[in-house]
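Each remark here refers to the structure printed beneath this line.
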Amino acid sequence: MPARKAIITAAIPAVLAIGAYQADRYLQRKLLPAGRDMPHEPIDFGLDAYEVWMESRLGTALHGWYVPPAHHGGHAVVVTHGWGANGSLMLPIAARLADEGFGVLVPDSRGHGFSSKVGEISLPRFAEDLTDFIDFAFAQPEVGSVAVLGHSMGAAASILVGTRRDDLDAVVAVGAFADPRELMAKAPGMTRLPEALRRAVFRRMEAAIGARFDEISPLFVIDRLNSPLMLVQGGEDQVIPLTDFERLGEAAPPGTRSLLVVDGVHDRLDEYLPHVGAIVAFIHTTVGEGADASA
């Protein structure tokens, strides 16, 4: 036994070193999103939008499209994309909201779309950029109140931001994951790792993004939301399991609305367009009421 213990003790530094190496390789791949095409422009949907350029907290350029509300003092919705996507892909939904008289702000998060390419991208960085775009929307003299609609990583960021401020009319989370660790654990490079090395990867990632997963994962923060919430999920989503939708619904504050789009998949948001009416109706019941609307 002493010899075996000595061997195990001697192996610990090697295991940790392998874990750190694997973590760094994984971070290099996973914190740099692959860009996607930008197939749409606002004019394609009849949107009279103008471009917004802002400075991020890193001093880099952030891009977005903005359409004012139909009436002064009206309501705006910040419509934010997911990981590796861009604002162009959210324009079909934004156009439907604009048809209802809402102002819409469609941002490109840092490292996506027309925004500046930067290094590490993560849920906290998405939340930082979303916060800045929300502040921009509130600063417009024609805007009376603001709601947020986010997809995938943008949905997770919307939930996180909604726990940190109490001035949002509503949060609509489309295809939100429960805990990013569960998704990452299913990645091919992670499934082959022993549990100890996976934990090392996650610890390394927490250090890189500057936050613990238990402090930012939707499942663990959703009960602290300060605004009315609607969860939207595709029944045929092959990226986010339906169980995430169900678990988030169970953990969410009382009064949370749920919408299951039976044929919806993760990345084809056009399949959600027939159901935008339900989202619009939900937002209409909350505008101007902020956190009090959940009472």
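Ligands are numbered from 1 in the order shown, residues from 1 within each chain, and chains are lettered A, B, ... in the order they appear in the structure tokens.
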Distance query Ala95 in chain A at most 9 Å, only C-alpha atoms, self and fewer than 3 positions along chain excluded, as an MDAnalysis selection string:
chainID A and resid 42 45:47 90:92 98:100 104
Selection file, all heavy atoms, as a PDB file, in the first residue's frame:
ATOM      1  N   PRO A  42     -31.578  44.809 -42.615  1.00  0.00           N
ATOM      2  CA  PRO A  42     -32.912  45.301 -42.209  1.00  0.00           C
ATOM      3  C   PRO A  42     -33.830  45.600 -43.382  1.00  0.00           C
ATOM      4  O   PRO A  42     -35.041  45.332 -43.314  1.00  0.00           O
ATOM      5  CB  PRO A  42     -32.565  46.565 -41.415  1.00  0.00           C
ATOM      6  CG  PRO A  42     -31.207  46.294 -40.848  1.00  0.00           C
ATOM      7  CD  PRO A  42     -30.496  45.523 -41.912  1.00  0.00           C
ATOM      8  N   PHE A  45     -36.490  43.205 -44.744  1.00  0.00           N
ATOM      9  CA  PHE A  45     -37.761  43.016 -44.046  1.00  0.00           C
ATOM     10  C   PHE A  45     -38.537  44.328 -43.918  1.00  0.00           C
ATOM     11  O   PHE A  45     -39.456  44.438 -43.108  1.00  0.00           O
ATOM     12  CB  PHE A  45     -37.505  42.431 -42.657  1.00  0.00           C
ATOM     13  CG  PHE A  45     -36.758  41.120 -42.697  1.00  0.00           C
ATOM     14  CD1 PHE A  45     -35.380  41.092 -42.555  1.00  0.00           C
ATOM     15  CD2 PHE A  45     -37.428  39.934 -42.921  1.00  0.00           C
ATOM     16  CE1 PHE A  45     -34.687  39.898 -42.614  1.00  0.00           C
ATOM     17  CE2 PHE A  45     -36.745  38.730 -42.978  1.00  0.00           C
ATOM     18  CZ  PHE A  45     -35.368  38.706 -42.835  1.00  0.00           C
ATOM     19  N   GLY A  46     -38.123  45.293 -44.733  1.00  0.00           N
ATOM     20  CA  GLY A  46     -38.805  46.573 -44.721  1.00  0.00           C
ATOM     21  C   GLY A  46     -38.544  47.405 -43.491  1.00  0.00           C
ATOM     22  O   GLY A  46     -39.322  48.319 -43.171  1.00  0.00           O
ATOM     23  N   LEU A  47     -37.464  47.116 -42.780  1.00  0.00           N
ATOM     24  CA  LEU A  47     -37.135  47.850 -41.565  1.00  0.00           C
ATOM     25  C   LEU A  47     -36.348  49.112 -41.897  1.00  0.00           C
ATOM     26  O   LEU A  47     -35.314  49.052 -42.576  1.00  0.00           O
ATOM     27  CB  LEU A  47     -36.308  46.976 -40.618  1.00  0.00           C
ATOM     28  CG  LEU A  47     -37.043  45.831 -39.923  1.00  0.00           C
ATOM     29  CD1 LEU A  47     -36.060  44.956 -39.158  1.00  0.00           C
ATOM     30  CD2 LEU A  47     -38.117  46.365 -38.992  1.00  0.00           C
ATOM     31  N   MET A  90     -31.310  37.389 -36.416  1.00  0.00           N
ATOM     32  CA  MET A  90     -32.433  37.723 -35.546  1.00  0.00           C
ATOM     33  C   MET A  90     -33.390  38.718 -36.200  1.00  0.00           C
ATOM     34  O   MET A  90     -34.448  39.027 -35.617  1.00  0.00           O
ATOM     35  CB  MET A  90     -31.914  38.306 -34.229  1.00  0.00           C
ATOM     36  CG  MET A  90     -30.946  37.409 -33.474  1.00  0.00           C
ATOM     37  SD  MET A  90     -31.637  35.777 -33.056  1.00  0.00           S
ATOM     38  CE  MET A  90     -32.904  36.235 -31.879  1.00  0.00           C
ATOM     39  N   LEU A  91     -33.062  39.214 -37.383  1.00  0.00           N
ATOM     40  CA  LEU A  91     -33.892  40.233 -38.017  1.00  0.00           C
ATOM     41  C   LEU A  91     -35.311  39.770 -38.347  1.00  0.00           C
ATOM     42  O   LEU A  91     -36.250  40.574 -38.249  1.00  0.00           O
ATOM     43  CB  LEU A  91     -33.200  40.758 -39.274  1.00  0.00           C
ATOM     44  CG  LEU A  91     -32.024  41.710 -39.023  1.00  0.00           C
ATOM     45  CD1 LEU A  91     -31.295  42.021 -40.324  1.00  0.00           C
ATOM     46  CD2 LEU A  91     -32.492  43.001 -38.351  1.00  0.00           C
ATOM     47  N   PRO A  92     -35.542  38.509 -38.755  1.00  0.00           N
ATOM     48  CA  PRO A  92     -36.932  38.105 -39.013  1.00  0.00           C
ATOM     49  C   PRO A  92     -37.841  38.274 -37.799  1.00  0.00           C
ATOM     50  O   PRO A  92     -38.963  38.771 -37.920  1.00  0.00           O
ATOM     51  CB  PRO A  92     -36.798  36.634 -39.423  1.00  0.00           C
ATOM     52  CG  PRO A  92     -35.418  36.525 -39.990  1.00  0.00           C
ATOM     53  CD  PRO A  92     -34.591  37.441 -39.146  1.00  0.00           C
ATOM     54  N   ALA A  98     -41.284  44.797 -34.713  1.00  0.00           N
ATOM     55  CA  ALA A  98     -41.428  46.166 -35.216  1.00  0.00           C
ATOM     56  C   ALA A  98     -42.803  46.368 -35.837  1.00  0.00           C
ATOM     57  O   ALA A  98     -43.393  47.453 -35.733  1.00  0.00           O
ATOM     58  CB  ALA A  98     -40.327  46.477 -36.220  1.00  0.00           C
ATOM     59  N   ASP A  99     -43.335  45.335 -36.490  1.00  0.00           N
ATOM     60  CA  ASP A  99     -44.679  45.433 -37.068  1.00  0.00           C
ATOM     61  C   ASP A  99     -45.733  45.708 -35.997  1.00  0.00           C
ATOM     62  O   ASP A  99     -46.802  46.254 -36.298  1.00  0.00           O
ATOM     63  CB  ASP A  99     -45.034  44.130 -37.800  1.00  0.00           C
ATOM     64  CG  ASP A  99     -44.265  43.967 -39.109  1.00  0.00           C
ATOM     65  OD1 ASP A  99     -43.720  44.981 -39.606  1.00  0.00           O
ATOM     66  OD2 ASP A  99     -44.209  42.834 -39.615  1.00  0.00           O
ATOM     67  N   GLU A 100     -45.443  45.313 -34.767  1.00  0.00           N
ATOM     68  CA  GLU A 100     -46.375  45.527 -33.659  1.00  0.00           C
ATOM     69  C   GLU A 100     -46.177  46.891 -32.994  1.00  0.00           C
ATOM     70  O   GLU A 100     -46.830  47.190 -31.997  1.00  0.00           O
ATOM     71  CB  GLU A 100     -46.196  44.427 -32.610  1.00  0.00           C
ATOM     72  CG  GLU A 100     -46.561  43.043 -33.111  1.00  0.00           C
ATOM     73  CD  GLU A 100     -48.052  42.879 -33.338  1.00  0.00           C
ATOM     74  OE1 GLU A 100     -48.837  43.561 -32.638  1.00  0.00           O
ATOM     75  OE2 GLU A 100     -48.434  42.078 -34.210  1.00  0.00           O
ATOM     76  N   VAL A 104     -36.936  48.163 -31.932  1.00  0.00           N
ATOM     77  CA  VAL A 104     -36.070  46.994 -31.818  1.00  0.00           C
ATOM     78  C   VAL A 104     -34.617  47.413 -31.954  1.00  0.00           C
ATOM     79  O   VAL A 104     -34.267  48.266 -32.774  1.00  0.00           O
ATOM     80  CB  VAL A 104     -36.405  45.905 -32.874  1.00  0.00           C
ATOM     81  CG1 VAL A 104     -37.727  45.233 -32.550  1.00  0.00           C
ATOM     82  CG2 VAL A 104     -36.419  46.467 -34.277  1.00  0.00           C
TER      83      VAL A 104
END
Could you tell me which of A:Ala187, A:Met205, A:Ala196, A:Met54 comes closest to Ser122 in chain A if we count only C-alpha atoms?
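Of A:Ala187, A:Met205, A:Ala196, A:Met54, the one nearest Ser122 in chain A, counting only C-alpha atoms, is A:Met205.
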Please run DSSP on the backbone and report, as a VMD selection string, all residues within range 41-193 of chain A that come out as helix (DSSP H, G or I).
chain A and resid 42 to 45 87 to 99 123 to 139 153 to 162 180 to 185 188 to 191
Between A:Ser158, A:Ser152, A:Ser116, A:Thr80, single out the one closest to Gln233 in chain A, counting only C-alpha atoms.
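Result for the nearest residue to Gln233 in chain A: A:Ser152.
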Near Asp214 in chain A, counting only C-alpha atoms, which residues have an atom at most 10 Å away, once you skip same-chain residues fewer than 6 positions from it, shown as an mmCIF file with C-alpha atoms, in the first residue's frame?
data_model
loop_
_atom_site.group_PDB
_atom_site.id
_atom_site.type_symbol
_atom_site.label_atom_id
_atom_site.label_comp_id
_atom_site.auth_asym_id
_atom_site.auth_seq_id
_atom_site.Cartn_x
_atom_site.Cartn_y
_atom_site.Cartn_z
ATOM 1 C CA ASP A 179 -25.956 24.696 -17.350
ATOM 2 C CA ARG A 181 -21.053 22.501 -18.203
ATOM 3 C CA GLU A 206 -13.916 29.516 -14.762
ATOM 4 C CA PHE A 220 -28.809 28.509 -10.702
ATOM 5 C CA VAL A 221 -29.760 32.170 -11.164
#
Which polymer residues have any atom within 12 Å of an atom of Val232 in chain A, counting only C-alpha atoms, with same-chain residues fewer than 4 positions away left out, as a PyMOL selection string?
chain A and resi 149-152+155+171-177+237+240+242+244-246+248-249+256-262+264-266+269+272+275-276+278-279+282
Resulting file, chosen residues, N, CA, C and O atoms, as a short mmCIF file (atom, residue, chain, number, x, y, z; two decimals), in the first residue's frame:
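File produced: again-v8.cif:
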data_model
loop_
_atom_site.label_atom_id
_atom_site.label_comp_id
_atom_site.auth_asym_id
_atom_site.auth_seq_id
_atom_site.Cartn_x
_atom_site.Cartn_y
_atom_site.Cartn_z
N LEU A 149 -35.19 39.97 -25.67
CA LEU A 149 -35.43 38.64 -26.24
C LEU A 149 -34.09 38.10 -26.69
O LEU A 149 -33.42 38.71 -27.53
N GLY A 150 -33.68 36.96 -26.13
CA GLY A 150 -32.39 36.37 -26.47
C GLY A 150 -32.53 34.94 -26.93
O GLY A 150 -33.43 34.22 -26.49
N HIS A 151 -31.61 34.53 -27.81
CA HIS A 151 -31.60 33.16 -28.32
C HIS A 151 -30.33 32.45 -27.88
O HIS A 151 -29.23 32.99 -28.00
N SER A 152 -30.48 31.23 -27.35
CA SER A 152 -29.36 30.36 -27.02
C SER A 152 -28.44 31.04 -26.00
O SER A 152 -28.86 31.34 -24.89
N ALA A 155 -29.98 34.00 -24.86
CA ALA A 155 -31.04 33.74 -23.88
C ALA A 155 -30.46 33.60 -22.48
O ALA A 155 -30.99 34.14 -21.51
N VAL A 171 -38.27 39.45 -19.97
CA VAL A 171 -37.19 38.66 -20.55
C VAL A 171 -37.81 37.48 -21.28
O VAL A 171 -38.59 36.73 -20.69
N VAL A 172 -37.49 37.34 -22.57
CA VAL A 172 -37.93 36.20 -23.36
C VAL A 172 -36.69 35.40 -23.73
O VAL A 172 -35.80 35.91 -24.41
N ALA A 173 -36.61 34.17 -23.25
CA ALA A 173 -35.44 33.33 -23.45
C ALA A 173 -35.79 32.19 -24.40
O ALA A 173 -36.58 31.31 -24.06
N VAL A 174 -35.21 32.21 -25.59
CA VAL A 174 -35.50 31.22 -26.63
C VAL A 174 -34.34 30.23 -26.71
O VAL A 174 -33.21 30.61 -27.03
N GLY A 175 -34.60 28.97 -26.42
CA GLY A 175 -33.56 27.95 -26.53
C GLY A 175 -32.45 28.13 -25.53
O GLY A 175 -31.28 27.93 -25.85
N ALA A 176 -32.79 28.45 -24.29
CA ALA A 176 -31.78 28.63 -23.25
C ALA A 176 -31.31 27.29 -22.72
O ALA A 176 -32.11 26.37 -22.52
N PHE A 177 -30.02 27.16 -22.47
CA PHE A 177 -29.51 25.96 -21.81
C PHE A 177 -29.60 26.14 -20.30
O PHE A 177 -29.68 27.26 -19.78
N ASP A 237 -35.37 20.54 -30.99
CA ASP A 237 -34.04 21.12 -30.77
C ASP A 237 -33.03 20.01 -30.49
O ASP A 237 -33.19 19.25 -29.53
N ILE A 240 -30.16 21.91 -27.49
CA ILE A 240 -30.60 22.07 -26.11
C ILE A 240 -31.69 21.04 -25.82
O ILE A 240 -32.75 21.06 -26.44
N LEU A 242 -34.83 19.00 -24.28
CA LEU A 242 -36.11 19.44 -23.74
C LEU A 242 -36.10 19.44 -22.21
O LEU A 242 -36.79 20.24 -21.57
N ASP A 244 -33.81 20.58 -20.36
CA ASP A 244 -33.33 21.88 -19.90
C ASP A 244 -34.50 22.86 -19.79
O ASP A 244 -34.60 23.63 -18.82
N PHE A 245 -35.34 22.86 -20.80
CA PHE A 245 -36.54 23.70 -20.81
C PHE A 245 -37.41 23.40 -19.59
O PHE A 245 -37.91 24.31 -18.90
N GLU A 246 -37.58 22.12 -19.31
CA GLU A 246 -38.43 21.71 -18.19
C GLU A 246 -37.80 22.09 -16.86
O GLU A 246 -38.48 22.57 -15.94
N LEU A 248 -35.59 24.48 -16.27
CA LEU A 248 -35.61 25.94 -16.11
C LEU A 248 -37.01 26.40 -15.69
O LEU A 248 -37.15 27.29 -14.85
N GLY A 249 -38.03 25.79 -16.30
CA GLY A 249 -39.39 26.15 -15.93
C GLY A 249 -39.69 25.86 -14.47
O GLY A 249 -40.38 26.63 -13.80
N THR A 256 -43.99 32.47 -14.50
CA THR A 256 -43.23 32.34 -15.75
C THR A 256 -44.08 31.66 -16.81
O THR A 256 -44.75 30.66 -16.54
N ARG A 257 -44.06 32.20 -18.02
CA ARG A 257 -44.77 31.60 -19.15
C ARG A 257 -43.84 30.64 -19.88
O ARG A 257 -42.64 30.87 -19.98
N SER A 258 -44.41 29.60 -20.45
CA SER A 258 -43.64 28.63 -21.24
C SER A 258 -44.32 28.44 -22.59
O SER A 258 -45.55 28.34 -22.67
N LEU A 259 -43.51 28.38 -23.64
CA LEU A 259 -44.01 28.18 -24.99
C LEU A 259 -43.17 27.11 -25.67
O LEU A 259 -41.96 27.30 -25.87
N LEU A 260 -43.76 25.98 -26.01
CA LEU A 260 -43.07 24.91 -26.71
C LEU A 260 -43.47 24.96 -28.19
O LEU A 260 -44.65 24.81 -28.53
N VAL A 261 -42.49 25.18 -29.05
CA VAL A 261 -42.70 25.18 -30.50
C VAL A 261 -42.40 23.76 -30.97
O VAL A 261 -41.24 23.35 -31.09
N VAL A 262 -43.45 22.99 -31.21
CA VAL A 262 -43.32 21.54 -31.36
C VAL A 262 -42.32 21.17 -32.44
O VAL A 262 -41.48 20.28 -32.25
N GLY A 264 -39.96 23.13 -33.73
CA GLY A 264 -38.82 24.04 -33.75
C GLY A 264 -37.50 23.33 -33.48
O GLY A 264 -37.42 22.44 -32.64
N VAL A 265 -36.47 23.72 -34.24
CA VAL A 265 -35.11 23.26 -33.99
C VAL A 265 -34.31 24.45 -33.49
O VAL A 265 -34.81 25.57 -33.37
N HIS A 266 -33.04 24.23 -33.20
CA HIS A 266 -32.29 25.25 -32.48
C HIS A 266 -31.96 26.47 -33.34
O HIS A 266 -32.13 27.61 -32.90
N LEU A 269 -34.67 29.79 -36.82
CA LEU A 269 -35.64 30.61 -36.10
C LEU A 269 -36.85 30.97 -36.94
O LEU A 269 -37.86 31.43 -36.39
N TYR A 272 -40.04 29.61 -35.75
CA TYR A 272 -40.66 30.21 -34.58
C TYR A 272 -41.56 31.39 -34.96
O TYR A 272 -42.34 31.86 -34.12
N HIS A 275 -45.22 31.73 -34.15
CA HIS A 275 -45.53 31.79 -32.73
C HIS A 275 -45.14 33.13 -32.10
O HIS A 275 -45.27 33.30 -30.88
N VAL A 276 -44.65 34.05 -32.94
CA VAL A 276 -44.23 35.35 -32.40
C VAL A 276 -45.42 36.07 -31.79
O VAL A 276 -45.27 36.87 -30.85
N ALA A 278 -47.62 34.99 -29.80
CA ALA A 278 -47.71 34.68 -28.37
C ALA A 278 -46.66 35.46 -27.58
O ALA A 278 -46.92 35.91 -26.45
N ILE A 279 -45.48 35.63 -28.18
CA ILE A 279 -44.43 36.41 -27.53
C ILE A 279 -44.85 37.87 -27.44
O ILE A 279 -44.68 38.53 -26.41
N PHE A 282 -47.38 38.35 -24.76
CA PHE A 282 -46.74 38.32 -23.44
C PHE A 282 -46.08 39.66 -23.14
O PHE A 282 -46.27 40.23 -22.04
#
Write out as a PyMOL selection string which residues come within 12 Å of Val148 in chain A when counting only C-alpha atoms, dropping same-chain ones fewer than 6 positions away.
chain A and resi 75-81+94+97+102-107+127+130-131+133-135+137-138+154-162+167-174+227-230+279-280+283+286-287+290
Residue among A:Ala185, A:Met38, A:Val52, A:Thr285 lying closest to His112 in chain A, counting only C-alpha atoms
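Selected residue with least distance to His112 in chain A: A:Met38.
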Pick from A:Gly234, A:Gly189, A:Pro39, A:Pro124: nearest to Ile216 in chain A, with only C-alpha atoms counted?
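Closest to Ile216 in chain A of all the choices is A:Pro124.
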Please identify all polymer residues within 7 Å of Glu142 in chain A, counting only C-alpha atoms, omitting same-chain residues fewer than 4 positions from it, and present them as a ChimeraX atom specification.
/A:72-74
Please produce a file of the residues just selected, as a CSV table (one decimal), in the first residue's frame, where the atoms kept are C-alpha atoms.
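Everything below was put into again_19.csv:
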chain,number,residue,atom,x,y,z
A,72,HIS,CA,-42.8,58.5,-28.6
A,73,GLY,CA,-42.5,57.0,-25.2
A,74,GLY,CA,-43.0,53.5,-26.8
